[in-house]
Amino acid sequence: MIKTMFAAAIAAGVSLAAVSAQAQTYPERSITIVVPFAAGGPTDTVTRLVAEPMSAALGQQVIVQNVAGAGGTLAAGQVAAAEPDGYTILMHHIGMSTAPSLYSALPYDPVEDFEHIGLVTEVPMTIIGRKDLEPTTLAELVEYVKTNGETVTYANAGIGAASHLCGLLFMSATETTPTEVPYQGTGPAMTDLIGGQVDFLCDQTTNTTGQIQGGEVKAYAVTSADRLPTLPDLETTAEGGLDMEVTVWHGLYAPAGTPDEIVQKLSEALQTALADQGVIDKFADLGTTPVAQEDATPEAHLETLTSQIELWKPIIEAAGVQPQ
């Protein structure tokens with residue numbers, strides 16, 4: 001019995017030593033950030049902006065891989081099941097906090113099955129329409145949707161996507177029921193909106209600012225408390241008479257069990273990336289800013305996630321959304 005216990009203790013010690021050695025030499029090869037949505041979408045844009053300076057900080061290439069499907073849960077499930085060695089991590093947005101309420105058989109727990117590396121940015125959203133849509137103001141758009149009901153089409157990037165959540169809030173705030181048209185990502189939804197195949201969309205500024213400035217779509221409002229420096233003429237939802245404010249936060253995740261030393265290295269690389277002036281400038285062009293350095297930490301990320309899970313649960317239930 002004593003020999004067995006001694007052997008177990010030795011094995012545990014060897015295992016811990018191996019983990020410690022792995023953490024000290026990390027990273028020794030390229031790191032993959034999995035994005036749970038299509039290329040060209042807002043989460044993809046945010047990820048690619050921070051990947052390059054993170055590569056420089058870590059001394060290894062950071063690769064972005066898009067794994068779209070199932071409202072972001074497919075990619076999240078893959079990363080949760082990945083080897084906890086710091087070489088496969090996840091960039092996800094507010095959807096990590098709403099997934100427990102949207103899916104009845106979620107293959108992972110957003111809190112327990114991940115190590116939380118840090119928050120990245122908090123992005124406002126914009127309500128936009130095809131450029132030949134009749135209404136010219138937010139108030140007119142609300143009246144238009146109320147009058148035309150299900151004949152009005154509302155695009156989103158699928159269940160759990162930020163554009164889907166924004167749509168739920170819009171319908172709840174306006175007591176309307178436009179016809180939802182889900183896509184496999186915001187990129188395809190934007191393409192059809194510009195092409196006039198759908199009527200309107202609510203999406204992150206990281207994906208809409210360029211189209212608004214280029215006159216490819218008609219902009220109605222931004223969902224933040226204040227107007228944006230990049231879109232100073234675009235009124236807020238509050239200014240347009242709509243009680244609807246929402247921003248979309250993004251965060252980095254590693255599989256549960258990833259050594260603390262590796263999580264810390266990733267968090268420090270993220271903080272370095274978010275302090276990069278090039279990243280700050282590019283984020284500003286897209287209508288957003290990096291989070292404060294103290295929020296790009298595991299502790300702040302976990303606190304935000306758990307509080308947001310509790311925040312969104314009653315909102316989703318009140319909207320009458322049935323878990324998938």
# chains A, B, ... in the order shown; residues from 1 in each chain; ligands from 1

call {"tool": "select_by_dssp", "arguments": {"residues": "range 215-289 of chain A", "states": "alpha helix (DSSP H)", "output": "number ranges by chain"}}
result
A: 260-274, 277-285

call {"tool": "residues_around", "arguments": {"residues": "Gly210 in chain A", "least_positions_apart": "4", "cutoff": "12 Å", "atoms": "only C-alpha atoms", "output": "PDB file with C-alpha atoms, in the first residue's frame"}}
result
ATOM      1  CA  PRO A  42     -16.727  40.998 -37.307  1.00  0.00           C
ATOM      2  CA  THR A 126     -25.555  49.392 -36.017  1.00  0.00           C
ATOM      3  CA  MET A 190     -24.060  41.600 -45.627  1.00  0.00           C
ATOM      4  CA  GLN A 204     -21.214  45.128 -35.277  1.00  0.00           C
ATOM      5  CA  THR A 205     -19.447  48.303 -36.375  1.00  0.00           C
ATOM      6  CA  THR A 206     -16.386  46.208 -37.215  1.00  0.00           C
ATOM      7  CA  GLY A 214     -19.206  53.909 -48.643  1.00  0.00           C
ATOM      8  CA  GLY A 215     -22.942  54.390 -49.077  1.00  0.00           C
ATOM      9  CA  GLU A 216     -23.551  50.710 -49.787  1.00  0.00           C
ATOM     10  CA  VAL A 217     -26.232  50.475 -47.076  1.00  0.00           C
ATOM     11  CA  LYS A 218     -28.624  52.834 -45.317  1.00  0.00           C
ATOM     12  CA  ALA A 219     -27.724  53.413 -41.650  1.00  0.00           C
ATOM     13  CA  THR A 230     -16.244  57.430 -36.976  1.00  0.00           C
ATOM     14  CA  LEU A 231     -19.981  57.872 -37.682  1.00  0.00           C
ATOM     15  CA  ASP A 285     -11.506  53.041 -37.794  1.00  0.00           C
ATOM     16  CA  LEU A 286     -14.042  50.294 -37.126  1.00  0.00           C
ATOM     17  CA  GLY A 287     -15.864  52.193 -34.399  1.00  0.00           C
TER      18      GLY A 287
END

call {"tool": "closest_residue", "arguments": {"among": "A:Ser30, A:Thr137, A:Ser55, A:Thr177", "to": "Ala319 in chain A", "atoms": "only C-alpha atoms"}}
result
A:Thr177

call {"tool": "residues_around", "arguments": {"residues": "Leu302 in chain A", "least_positions_apart": "6", "cutoff": "12 Å", "atoms": "only C-alpha atoms", "output": "ChimeraX atom specification"}}
result
/A:96-97,110-119,251-253,295-296,308-309

call {"tool": "write_last_selection", "arguments": {"atoms": "C-alpha atoms", "output": "PDB file, in the first residue's frame"}}
result
ATOM      1  CA  MET A  96     -20.558  32.431 -25.156  1.00  0.00           C
ATOM      2  CA  SER A  97     -22.839  33.969 -22.551  1.00  0.00           C
ATOM      3  CA  PRO A 110     -18.601  28.115 -21.063  1.00  0.00           C
ATOM      4  CA  VAL A 111     -17.325  28.516 -17.507  1.00  0.00           C
ATOM      5  CA  GLU A 112     -16.065  25.066 -16.512  1.00  0.00           C
ATOM      6  CA  ASP A 113     -14.643  23.800 -19.822  1.00  0.00           C
ATOM      7  CA  PHE A 114     -12.360  26.749 -20.576  1.00  0.00           C
ATOM      8  CA  GLU A 115      -9.556  28.803 -19.161  1.00  0.00           C
ATOM      9  CA  HIS A 116     -10.385  32.472 -19.697  1.00  0.00           C
ATOM     10  CA  ILE A 117      -7.471  34.418 -21.160  1.00  0.00           C
ATOM     11  CA  GLY A 118      -8.865  37.949 -21.340  1.00  0.00           C
ATOM     12  CA  LEU A 119     -11.363  40.322 -22.916  1.00  0.00           C
ATOM     13  CA  GLY A 251     -12.752  37.245 -25.371  1.00  0.00           C
ATOM     14  CA  LEU A 252     -10.015  34.637 -25.776  1.00  0.00           C
ATOM     15  CA  TYR A 253     -10.375  31.108 -24.350  1.00  0.00           C
ATOM     16  CA  ASP A 295      -9.823  43.765 -18.490  1.00  0.00           C
ATOM     17  CA  ALA A 296      -7.537  41.752 -20.790  1.00  0.00           C
ATOM     18  CA  GLN A 308     -23.478  38.072 -18.781  1.00  0.00           C
ATOM     19  CA  ILE A 309     -24.830  34.510 -18.624  1.00  0.00           C
TER      20      ILE A 309
END

call {"tool": "closest_residue", "arguments": {"among": "A:Glu245, A:Asp44, A:Glu143, A:Glu180", "to": "Ile127 in chain A", "atoms": "only C-alpha atoms"}}
result
A:Glu245

call {"tool": "select_by_dssp", "arguments": {"residues": "range 106-136 of chain A", "states": "strand (DSSP E)", "output": "PyMOL selection string"}}
result
chain A and resi 114-130

call {"tool": "closest_atom_pairs", "arguments": {"of": "range 168-281 of chain A", "to": "range 69-73 of chain A", "cutoff": "10 Å", "atoms": "only C-alpha atoms", "output": "Markdown table"}}
result
| residue | atom | partner | partner_atom | distance |
| --- | --- | --- | --- | --- |
| A:Tyr183 | CA | A:Gly69 | CA | 9.9 |
| A:Gln184 | CA | A:Gly69 | CA | 6.8 |
| A:Gly185 | CA | A:Gly69 | CA | 8.3 |

call {"tool": "write_last_selection", "arguments": {"atoms": "C-alpha atoms", "output": "tab-separated table (two decimals), in the first residue's frame"}}
result
chain	number	residue	atom	x	y	z
A	183	TYR	CA	-27.07	32.93	-42.84
A	184	GLN	CA	-23.85	31.01	-42.24
A	185	GLY	CA	-22.01	34.08	-41.07

call {"tool": "closest_residue", "arguments": {"among": "A:Met244, A:Leu74, A:Ile315, A:Ile262", "to": "Pro27 in chain A", "atoms": "only C-alpha atoms"}}
result
A:Ile262

call {"tool": "closest_residue", "arguments": {"among": "A:Ala256, A:Ala99, A:Ala318, A:Leu266", "to": "Gly59 in chain A", "atoms": "only C-alpha atoms"}}
result
A:Leu266

call {"tool": "closest_residue", "arguments": {"among": "A:Gln78, A:Ser163, A:Thr136, A:Ser172", "to": "Ile316 in chain A", "atoms": "only C-alpha atoms"}}
result
A:Ser172

call {"tool": "atom_distance", "arguments": {"atom1": "CA of Ile280 in chain A", "atom2": "CA of Asp226 in chain A"}}
result
19.1 Å

call {"tool": "closest_atom_pairs", "arguments": {"of": "range 169-270 of chain A", "to": "range 81-92 of chain A", "cutoff": "12 Å", "atoms": "only C-alpha atoms", "output": "Markdown table"}}
result
| residue | atom | partner | partner_atom | distance |
| --- | --- | --- | --- | --- |
| A:Val248 | CA | A:His92 | CA | 10.2 |
| A:Trp249 | CA | A:His92 | CA | 8.6 |
| A:His250 | CA | A:His92 | CA | 5.6 |
| A:Gly251 | CA | A:His92 | CA | 5.7 |
| A:Leu252 | CA | A:Met91 | CA | 4.7 |
| A:Tyr253 | CA | A:Leu90 | CA | 4.9 |
| A:Ala254 | CA | A:Ile89 | CA | 4.7 |
| A:Pro255 | CA | A:Pro84 | CA | 5.1 |
| A:Ala256 | CA | A:Pro84 | CA | 6.5 |
| A:Gly257 | CA | A:Pro84 | CA | 5.6 |
| A:Thr258 | CA | A:Pro84 | CA | 4.4 |
| A:Pro259 | CA | A:Asp85 | CA | 7.3 |
| A:Asp260 | CA | A:Gly86 | CA | 10.1 |
| A:Glu261 | CA | A:Gly86 | CA | 9.9 |
| A:Ile262 | CA | A:Gly86 | CA | 6.3 |
| A:Val263 | CA | A:Gly86 | CA | 7.3 |
| A:Gln264 | CA | A:Gly86 | CA | 10.4 |
| A:Lys265 | CA | A:Gly86 | CA | 9.5 |
| A:Leu266 | CA | A:Gly86 | CA | 8.1 |
| A:Ser267 | CA | A:Gly86 | CA | 11.2 |
| A:Leu270 | CA | A:Met91 | CA | 11.6 |

call {"tool": "closest_residue", "arguments": {"among": "A:Ile159, A:Glu175, A:Leu168, A:Ile128", "to": "Thr147 in chain A", "atoms": "only C-alpha atoms"}}
result
A:Glu175

call {"tool": "residues_around", "arguments": {"residues": "Gly195 in chain A", "least_positions_apart": "2", "cutoff": "10 Å", "atoms": "only C-alpha atoms", "output": "list in words"}}
result
Arg130, Lys131, Ala189, Met190, Thr191, Asp192, Leu193, Gln197, Val198, Asp199, Glu216 and Val217 of chain A

call {"tool": "write_last_selection", "arguments": {"atoms": "C-alpha atoms", "output": "mmCIF file, in the first residue's frame"}}
result
data_model
loop_
_atom_site.group_PDB
_atom_site.id
_atom_site.type_symbol
_atom_site.label_atom_id
_atom_site.label_comp_id
_atom_site.auth_asym_id
_atom_site.auth_seq_id
_atom_site.Cartn_x
_atom_site.Cartn_y
_atom_site.Cartn_z
ATOM 1 C CA ARG A 130 -30.594 48.001 -47.986
ATOM 2 C CA LYS A 131 -29.843 51.377 -49.519
ATOM 3 C CA ALA A 189 -25.770 38.302 -44.823
ATOM 4 C CA MET A 190 -24.060 41.600 -45.627
ATOM 5 C CA THR A 191 -23.604 40.554 -49.253
ATOM 6 C CA ASP A 192 -27.328 39.895 -49.633
ATOM 7 C CA LEU A 193 -28.228 43.124 -47.837
ATOM 8 C CA GLN A 197 -32.171 40.425 -51.188
ATOM 9 C CA VAL A 198 -33.029 41.248 -47.542
ATOM 10 C CA ASP A 199 -34.340 44.415 -45.904
ATOM 11 C CA GLU A 216 -23.551 50.710 -49.787
ATOM 12 C CA VAL A 217 -26.232 50.475 -47.076
#

call {"tool": "residues_around", "arguments": {"residues": "Met125 in chain A", "least_positions_apart": "3", "cutoff": "8 Å", "atoms": "only C-alpha atoms", "output": "list in words"}}
result
Cys166, Cys202, Asp203, Gln204, Thr205, Val222, Thr223, Ser224, Val246, Thr247 and Val248 of chain A

call {"tool": "write_last_selection", "arguments": {"atoms": "C-alpha atoms", "output": "PDB file, in the first residue's frame"}}
result
ATOM      1  CA  CYS A 166     -29.524  42.261 -31.619  1.00  0.00           C
ATOM      2  CA  CYS A 202     -28.180  44.719 -37.017  1.00  0.00           C
ATOM      3  CA  ASP A 203     -24.447  44.056 -36.915  1.00  0.00           C
ATOM      4  CA  GLN A 204     -21.214  45.128 -35.277  1.00  0.00           C
ATOM      5  CA  THR A 205     -19.447  48.303 -36.375  1.00  0.00           C
ATOM      6  CA  VAL A 222     -25.895  52.824 -33.423  1.00  0.00           C
ATOM      7  CA  THR A 223     -26.773  50.775 -30.335  1.00  0.00           C
ATOM      8  CA  SER A 224     -24.252  52.418 -27.986  1.00  0.00           C
ATOM      9  CA  VAL A 246     -26.266  46.604 -26.686  1.00  0.00           C
ATOM     10  CA  THR A 247     -22.557  46.131 -27.314  1.00  0.00           C
ATOM     11  CA  VAL A 248     -20.728  42.945 -28.208  1.00  0.00           C
TER      12      VAL A 248
END

call {"tool": "atom_distance", "arguments": {"atom1": "CA of Phe283 in chain A", "atom2": "CA of Asn207 in chain A"}}
result
11.3 Å

call {"tool": "decode", "arguments": {"residues": "range 246-279 of chain A", "atoms": "N, CA and C atoms", "output": "compact mmCIF listing (two decimals), in the first residue's frame"}}
result
# COMPACT_ATOMS: atom_id res chain seq x y z
N VAL A 246 -27.01 47.87 -26.76
CA VAL A 246 -26.27 46.60 -26.69
C VAL A 246 -24.90 46.77 -27.35
N THR A 247 -23.89 46.21 -26.72
CA THR A 247 -22.56 46.13 -27.31
C THR A 247 -22.10 44.68 -27.24
N VAL A 248 -21.17 44.34 -28.09
CA VAL A 248 -20.73 42.94 -28.21
C VAL A 248 -19.27 42.82 -27.76
N TRP A 249 -19.05 42.12 -26.65
CA TRP A 249 -17.69 41.93 -26.16
C TRP A 249 -17.10 40.64 -26.71
N HIS A 250 -15.79 40.64 -26.89
CA HIS A 250 -15.06 39.48 -27.38
C HIS A 250 -14.03 39.05 -26.34
N GLY A 251 -13.74 37.76 -26.31
CA GLY A 251 -12.75 37.24 -25.37
C GLY A 251 -12.01 36.05 -25.94
N LEU A 252 -10.83 35.78 -25.38
CA LEU A 252 -10.02 34.64 -25.78
C LEU A 252 -10.12 33.53 -24.73
N TYR A 253 -10.20 32.28 -25.22
CA TYR A 253 -10.38 31.11 -24.35
C TYR A 253 -9.36 30.02 -24.71
N ALA A 254 -8.96 29.26 -23.70
CA ALA A 254 -8.14 28.06 -23.90
C ALA A 254 -8.89 26.88 -23.28
N PRO A 255 -8.60 25.65 -23.70
CA PRO A 255 -9.27 24.50 -23.08
C PRO A 255 -8.98 24.42 -21.58
N ALA A 256 -9.95 23.96 -20.82
CA ALA A 256 -9.76 23.77 -19.38
C ALA A 256 -8.58 22.84 -19.15
N GLY A 257 -7.77 23.16 -18.14
CA GLY A 257 -6.60 22.35 -17.84
C GLY A 257 -5.33 22.89 -18.44
N THR A 258 -5.43 23.93 -19.28
CA THR A 258 -4.24 24.57 -19.80
C THR A 258 -3.46 25.16 -18.62
N PRO A 259 -2.16 24.87 -18.50
CA PRO A 259 -1.39 25.36 -17.35
C PRO A 259 -1.51 26.87 -17.16
N ASP A 260 -1.55 27.28 -15.90
CA ASP A 260 -1.70 28.70 -15.58
C ASP A 260 -0.61 29.55 -16.21
N GLU A 261 0.63 29.00 -16.25
CA GLU A 261 1.74 29.76 -16.81
C GLU A 261 1.51 30.07 -18.29
N ILE A 262 0.91 29.11 -19.01
CA ILE A 262 0.63 29.32 -20.43
C ILE A 262 -0.50 30.32 -20.62
N VAL A 263 -1.54 30.19 -19.80
CA VAL A 263 -2.65 31.15 -19.87
C VAL A 263 -2.14 32.55 -19.61
N GLN A 264 -1.23 32.69 -18.65
CA GLN A 264 -0.68 34.00 -18.33
C GLN A 264 0.14 34.56 -19.48
N LYS A 265 0.92 33.70 -20.14
CA LYS A 265 1.71 34.15 -21.30
C LYS A 265 0.79 34.64 -22.42
N LEU A 266 -0.30 33.91 -22.64
CA LEU A 266 -1.26 34.32 -23.67
C LEU A 266 -1.94 35.63 -23.29
N SER A 267 -2.27 35.78 -22.02
CA SER A 267 -2.91 37.00 -21.55
C SER A 267 -1.98 38.19 -21.71
N GLU A 268 -0.70 38.00 -21.38
CA GLU A 268 0.27 39.08 -21.51
C GLU A 268 0.48 39.46 -22.99
N ALA A 269 0.47 38.44 -23.87
CA ALA A 269 0.60 38.72 -25.30
C ALA A 269 -0.62 39.49 -25.81
N LEU A 270 -1.79 39.14 -25.30
CA LEU A 270 -3.01 39.86 -25.67
C LEU A 270 -2.93 41.32 -25.21
N GLN A 271 -2.48 41.53 -23.98
CA GLN A 271 -2.36 42.89 -23.46
C GLN A 271 -1.38 43.72 -24.30
N THR A 272 -0.29 43.08 -24.72
CA THR A 272 0.69 43.76 -25.56
C THR A 272 0.06 44.14 -26.90
N ALA A 273 -0.71 43.22 -27.47
CA ALA A 273 -1.37 43.48 -28.76
C ALA A 273 -2.36 44.63 -28.65
N LEU A 274 -3.11 44.67 -27.57
CA LEU A 274 -4.14 45.70 -27.41
C LEU A 274 -3.54 47.08 -27.13
N ALA A 275 -2.26 47.10 -26.71
CA ALA A 275 -1.58 48.39 -26.48
C ALA A 275 -0.85 48.86 -27.73
N ASP A 276 -0.84 48.04 -28.77
CA ASP A 276 -0.17 48.38 -30.03
C ASP A 276 -0.93 49.52 -30.72
N GLN A 277 -0.21 50.57 -31.10
CA GLN A 277 -0.89 51.74 -31.68
C GLN A 277 -1.57 51.40 -32.99
N GLY A 278 -0.99 50.48 -33.75
CA GLY A 278 -1.63 50.07 -34.99
C GLY A 278 -2.97 49.42 -34.76
N VAL A 279 -3.05 48.58 -33.72
CA VAL A 279 -4.32 47.94 -33.37
C VAL A 279 -5.32 48.98 -32.89
